[in-house]
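> A single structure is presented below for examination.
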Amino acid sequence: MSIDLLREGTVIPAHPLALTGGRALDERRQRALTRYYLAAGAGGAAVAVHTTQFAIREAGLLRPVLEISAEVVAKEAGRPFVLVAGACGGTAQAVAEAELAASLGYHAVLLSPALPGATEPELLERAKAVGEVLPVIGFYLQEAVGGRRLSPAFWRELSGQESVVAIKTAPFDRYRTVDVARAVAESGRAGDLALYTGNDDNILGDLLTSFAGVHVVGGLLGQWAVWTHAAVLMFEEVRRARAGDEAALRSLLARAADLTDANGAVFDVAGGFRGCIAGVHEVLRGQGLLAGTWCLDPEETLSPGQAQEIARVRAAYRWLVDDDFVAAHLDDWLR
């Protein structure tokens with residue numbers, strides 16, 4: 001049922017990492033974050049991905065972080081909820097991480113393309129090997145945070161693999177996004193393979209557009225790690241617009257730039273994305289979900305002026321914010 005929900009399209013936040021001031025895992029707040037996404041109405045969560053910090057592997061936190069979300073969902077969800085695990089590294093590492101995720105009850109793997117030196121055929125073989133363990137979500141990651149340019153031929157070949165159930169397009173580039181959509185259409189698997197936006201800079205543009213006859217059905221986004229309840233309400237409005245509600249469509253288009261502006265502040269576009277994870281943490285810290293903005297790398301911090309920019313967009317775009325919702329439930333999530 002969870003894979004059916006993934007194919008249908010839903011809101012999937014990229015799950016952050018909760019740390020103490022000593023940069024140890026804050027298990028209570030890590031559980032609270034998963035509870036937040038459940039209560040906010042998200043359809044899933046992606047754990048051990050870029051927003052969670054790839055360095056959890058070197059820090060020995062991969063298993064505990066995956067376990068915490070899986071345990072909360074198993075005990076408290078009471079509905080279909082898509083658990084996506086990030087997997088990194090070469091074939092052996094990625095397969096091992098997929099096997100760990102499968103043993104914990106995860107439903108799919110988001111396969112990082114950040115593998116320096118690997119050829120496109122090697123990436124395809126890695127995807128095939130991981131797909132023997134769990135369904136695969138392909139991932140076009142922007143170069144500013146470790147991604148690489150991949151050819152249309154690569155996306156056609158990947159789309160043709162039956163174990164690939166979705167592709168997250170996050171190149172932050174319209175031309176490359178069209179490349180992926182066209183590849184899905186040409187693969188003949190458009191009905192089986194779901195296209196998700198990861199383009200945090202143009203979320204509504206993606207969700208309201210048909211690319212080469214292929215629709216983006218949902219989002220797997222770092223931006224949706226914050227203000228998630230508001231994102232769920234927005235996604236419901238997107239569905240009404242797709243169904244022919246012209247008033248909803250006009251309203252969403254009028255607000256699309258608000259969301260892009262807010263993402264620019266959270267993701268630290270002015271600083272070249274250096275503070276993107278710390279920016280997510282800053283929003284959650286302001287709501288009480290996190291105790292601070294600490295990242296595993298002490299050098300990974302907010303850029304100068306970024307906190308002020310986040311405060312600006314929070315005040316300017318109240319429709320994007322779910323502070324009242326969080327305040328009403330925070331004590332329960334932190335129990």
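Naming scheme: A, B, ... for chains in displayed order of the structure tokens; residues 1 onward per chain; ligands 1 onward as shown.
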Counting only C-alpha atoms, which residues of range 168-240 of chain A fall within 12 Å of range 49-58 of chain A, and what is the closest atom pair for each with its distance in Å at one decimal, ordered by chain and rising number, as JSON lines?

{"residue": "A:Ala170", "atom": "CA", "partner": "A:His50", "partner_atom": "CA", "distance": 11.8}
{"residue": "A:Gly198", "atom": "CA", "partner": "A:His50", "partner_atom": "CA", "distance": 11.6}
{"residue": "A:Leu220", "atom": "CA", "partner": "A:Val49", "partner_atom": "CA", "distance": 10.6}
{"residue": "A:Leu221", "atom": "CA", "partner": "A:Thr51", "partner_atom": "CA", "distance": 9.0}
{"residue": "A:Gly222", "atom": "CA", "partner": "A:Thr51", "partner_atom": "CA", "distance": 6.2}
{"residue": "A:Gln223", "atom": "CA", "partner": "A:Thr51", "partner_atom": "CA", "distance": 9.5}
{"residue": "A:Trp224", "atom": "CA", "partner": "A:Thr51", "partner_atom": "CA", "distance": 10.7}
{"residue": "A:Ala225", "atom": "CA", "partner": "A:Thr51", "partner_atom": "CA", "distance": 8.4}
{"residue": "A:Val226", "atom": "CA", "partner": "A:Thr51", "partner_atom": "CA", "distance": 11.3}
> Would you mind listing, for every residue of range 210-252 of chain A within 12 Å of range 2-14 of chain A, the two atoms forming the shortest contact and the distance between them in Å to one decimal, using only C-alpha atoms, sorted by chain and ascending residue number, as CSV?

residue,atom,partner,partner_atom,distance
A:His215,CA,A:Gly9,CA,10.1
A:Val216,CA,A:Gly9,CA,8.1
A:Val217,CA,A:Gly9,CA,4.4
A:Gly218,CA,A:Gly9,CA,4.5
A:Gly219,CA,A:Val11,CA,5.5
A:Leu220,CA,A:Ile12,CA,4.6
A:Leu221,CA,A:Pro13,CA,5.3
A:Gly222,CA,A:Ala14,CA,4.9
A:Gln223,CA,A:Pro13,CA,7.4
A:Trp224,CA,A:Pro13,CA,4.8
A:Ala225,CA,A:Pro13,CA,4.6
A:Val226,CA,A:Pro13,CA,8.0
A:Trp227,CA,A:Pro13,CA,10.0
A:Thr228,CA,A:Pro13,CA,7.5
A:His229,CA,A:Val11,CA,9.9
A:Ala230,CA,A:Val11,CA,10.9
A:Ala231,CA,A:Val11,CA,7.6
A:Val232,CA,A:Val11,CA,6.5
A:Leu233,CA,A:Val11,CA,10.0
A:Met234,CA,A:Val11,CA,9.9
A:Phe235,CA,A:Val11,CA,7.3
A:Glu236,CA,A:Thr10,CA,9.5
A:Val238,CA,A:Thr10,CA,11.0
A:Arg239,CA,A:Gly9,CA,9.9
> Point out the residue among A:Leu115, A:Leu38, A:Ala102, A:Ala183 with the least atom-to-atom distance to Lys75 in chain A, counting only C-alpha atoms.
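Of A:Leu115, A:Leu38, A:Ala102, A:Ala183, the one nearest Lys75 in chain A, counting only C-alpha atoms, is A:Leu38.
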> Between CA of Asp192 in chain A and CA of Thr34 in chain A, what is the spacing in Å?
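Here the two named atoms are 28.1 Å from each other.
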> Mind checking which residues fall within 12 Å of Pro298 in chain A, counting only C-alpha atoms, ignoring those fewer than 6 positions away in the same chain, and posting them as a PyMOL selection string?
chain A and resi 19+21-23+55+275+278
> Go ahead and write the selection's residues with N, CA, C and O atoms as a tab-separated table (two decimals), in the first residue's frame.

chain	number	residue	atom	x	y	z
A	19	LEU	N	20.42	16.96	16.93
A	19	LEU	CA	21.65	16.80	17.70
A	19	LEU	C	21.59	17.61	18.99
A	19	LEU	O	20.88	18.61	19.07
A	21	GLY	N	23.93	19.85	21.89
A	21	GLY	CA	25.01	20.81	21.76
A	21	GLY	C	26.38	20.15	21.64
A	21	GLY	O	27.31	20.74	21.09
A	22	GLY	N	26.50	18.92	22.11
A	22	GLY	CA	27.75	18.16	21.98
A	22	GLY	C	27.82	17.35	20.70
A	22	GLY	O	28.72	16.53	20.54
A	23	ARG	N	26.86	17.56	19.82
A	23	ARG	CA	26.77	16.88	18.52
A	23	ARG	C	26.59	15.37	18.66
A	23	ARG	O	27.09	14.59	17.86
A	55	ALA	N	26.95	12.57	6.53
A	55	ALA	CA	28.00	12.23	7.50
A	55	ALA	C	27.50	11.35	8.64
A	55	ALA	O	28.32	10.90	9.47
A	275	GLY	N	24.60	27.16	3.99
A	275	GLY	CA	23.83	27.04	5.22
A	275	GLY	C	22.49	26.35	5.03
A	275	GLY	O	21.58	26.55	5.84
A	278	ALA	N	21.63	23.95	8.00
A	278	ALA	CA	21.48	24.78	9.21
A	278	ALA	C	20.24	25.66	9.12
A	278	ALA	O	19.60	25.95	10.13
> Point out the residue among A:Val130, A:Val109, A:Ile277, A:Leu124 with the least atom-to-atom distance to Gly160 in chain A, counting only C-alpha atoms.
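Result for the nearest residue to Gly160 in chain A: A:Leu124.
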> Interatomic distance between CA of Glu143 in chain A and CA of Val280 in chain A?
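These atoms are spaced 19.4 Å apart.
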> Can you write out as a Markdown table which residues of range 87-173 of chain A fall within 8 Å of range 194-197 of chain A, alongside each residue's closest atom pair and its distance in Å to one decimal, counting only C-alpha atoms and ordering rows by chain and ascending residue number?

| residue | atom | partner | partner_atom | distance |
| --- | --- | --- | --- | --- |
| A:Val165 | CA | A:Ala194 | CA | 6.3 |
| A:Ala166 | CA | A:Ala194 | CA | 4.4 |
| A:Ile167 | CA | A:Leu195 | CA | 5.2 |
| A:Lys168 | CA | A:Tyr196 | CA | 4.7 |
| A:Thr169 | CA | A:Thr197 | CA | 5.2 |
| A:Ala170 | CA | A:Thr197 | CA | 6.5 |
> Could you list, as a list in words, every residue within 10 Å of Val178 in chain A, counting only C-alpha atoms and ignoring same-chain residues fewer than 5 positions away?
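The filter keeps Pro152, Thr169, Asp173, Ala183, Val184, Ser210, Phe211, Ala212 and Val214 of chain A.
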> Near range 259-268 of chain A, within 8 Å and counting only C-alpha atoms, which residues show up once chain neighbours fewer than 4 positions away are dropped, as a list in words?
Asp200, Asp201, Asn202, Ile203, Gln223, Arg255, Gly272, Phe273, Arg274, Gly275, Cys276, Ile277, Gly279, Val280, Val283, Ser303, Gln306, Glu309, Ile310, Val313, Arg314, Tyr317 and Leu320 of chain A
> What is the distance, in Å and to one decimal place, between CA of Leu83 in chain A and CA of Tyr106 in chain A?
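Computing the Euclidean distance for CA of Leu83 in chain A and CA of Tyr106 in chain A yields 4.9 Å.
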> Could you tell me, as a count of residues only, which residues of range 155-227 of chain A DSSP assigns to strand (DSSP E or B) when given the backbone?
21
> Quick one: residues within 8 Å of range 62-69 of chain A, only C-alpha atoms, excluding same-chain residues fewer than 2 positions away - as a PyMOL selection string?
chain A and resi 17+27+30-31+34+47-48+56-57+59-60+71-73+85+100-101+104
> Could you find all residues in range 13-253 of chain A that DSSP calls helix (DSSP H, G or I) from the backbone, and write them as a VMD selection string?
chain A and resid 27 to 40 50 to 52 54 to 56 62 to 76 91 to 103 120 to 131 143 to 145 152 to 159 174 to 187 203 to 207 223 to 225 228 to 242 246 to 253
> Using only C-alpha atoms, find the one residue out of A:Arg312, A:Arg35, A:Arg285, A:Arg156 that sits nearest to Gly138 in chain A.
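Among the listed residues, A:Arg156 lies closest to Gly138 in chain A.
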> Excluding Pro121 in chain A and its own-chain neighbours fewer than 4 positions away, which residues fall within 10 Å of it when counting only C-alpha atoms? Please give them as a ChimeraX atom specification.
/A:125-127,154,157-158
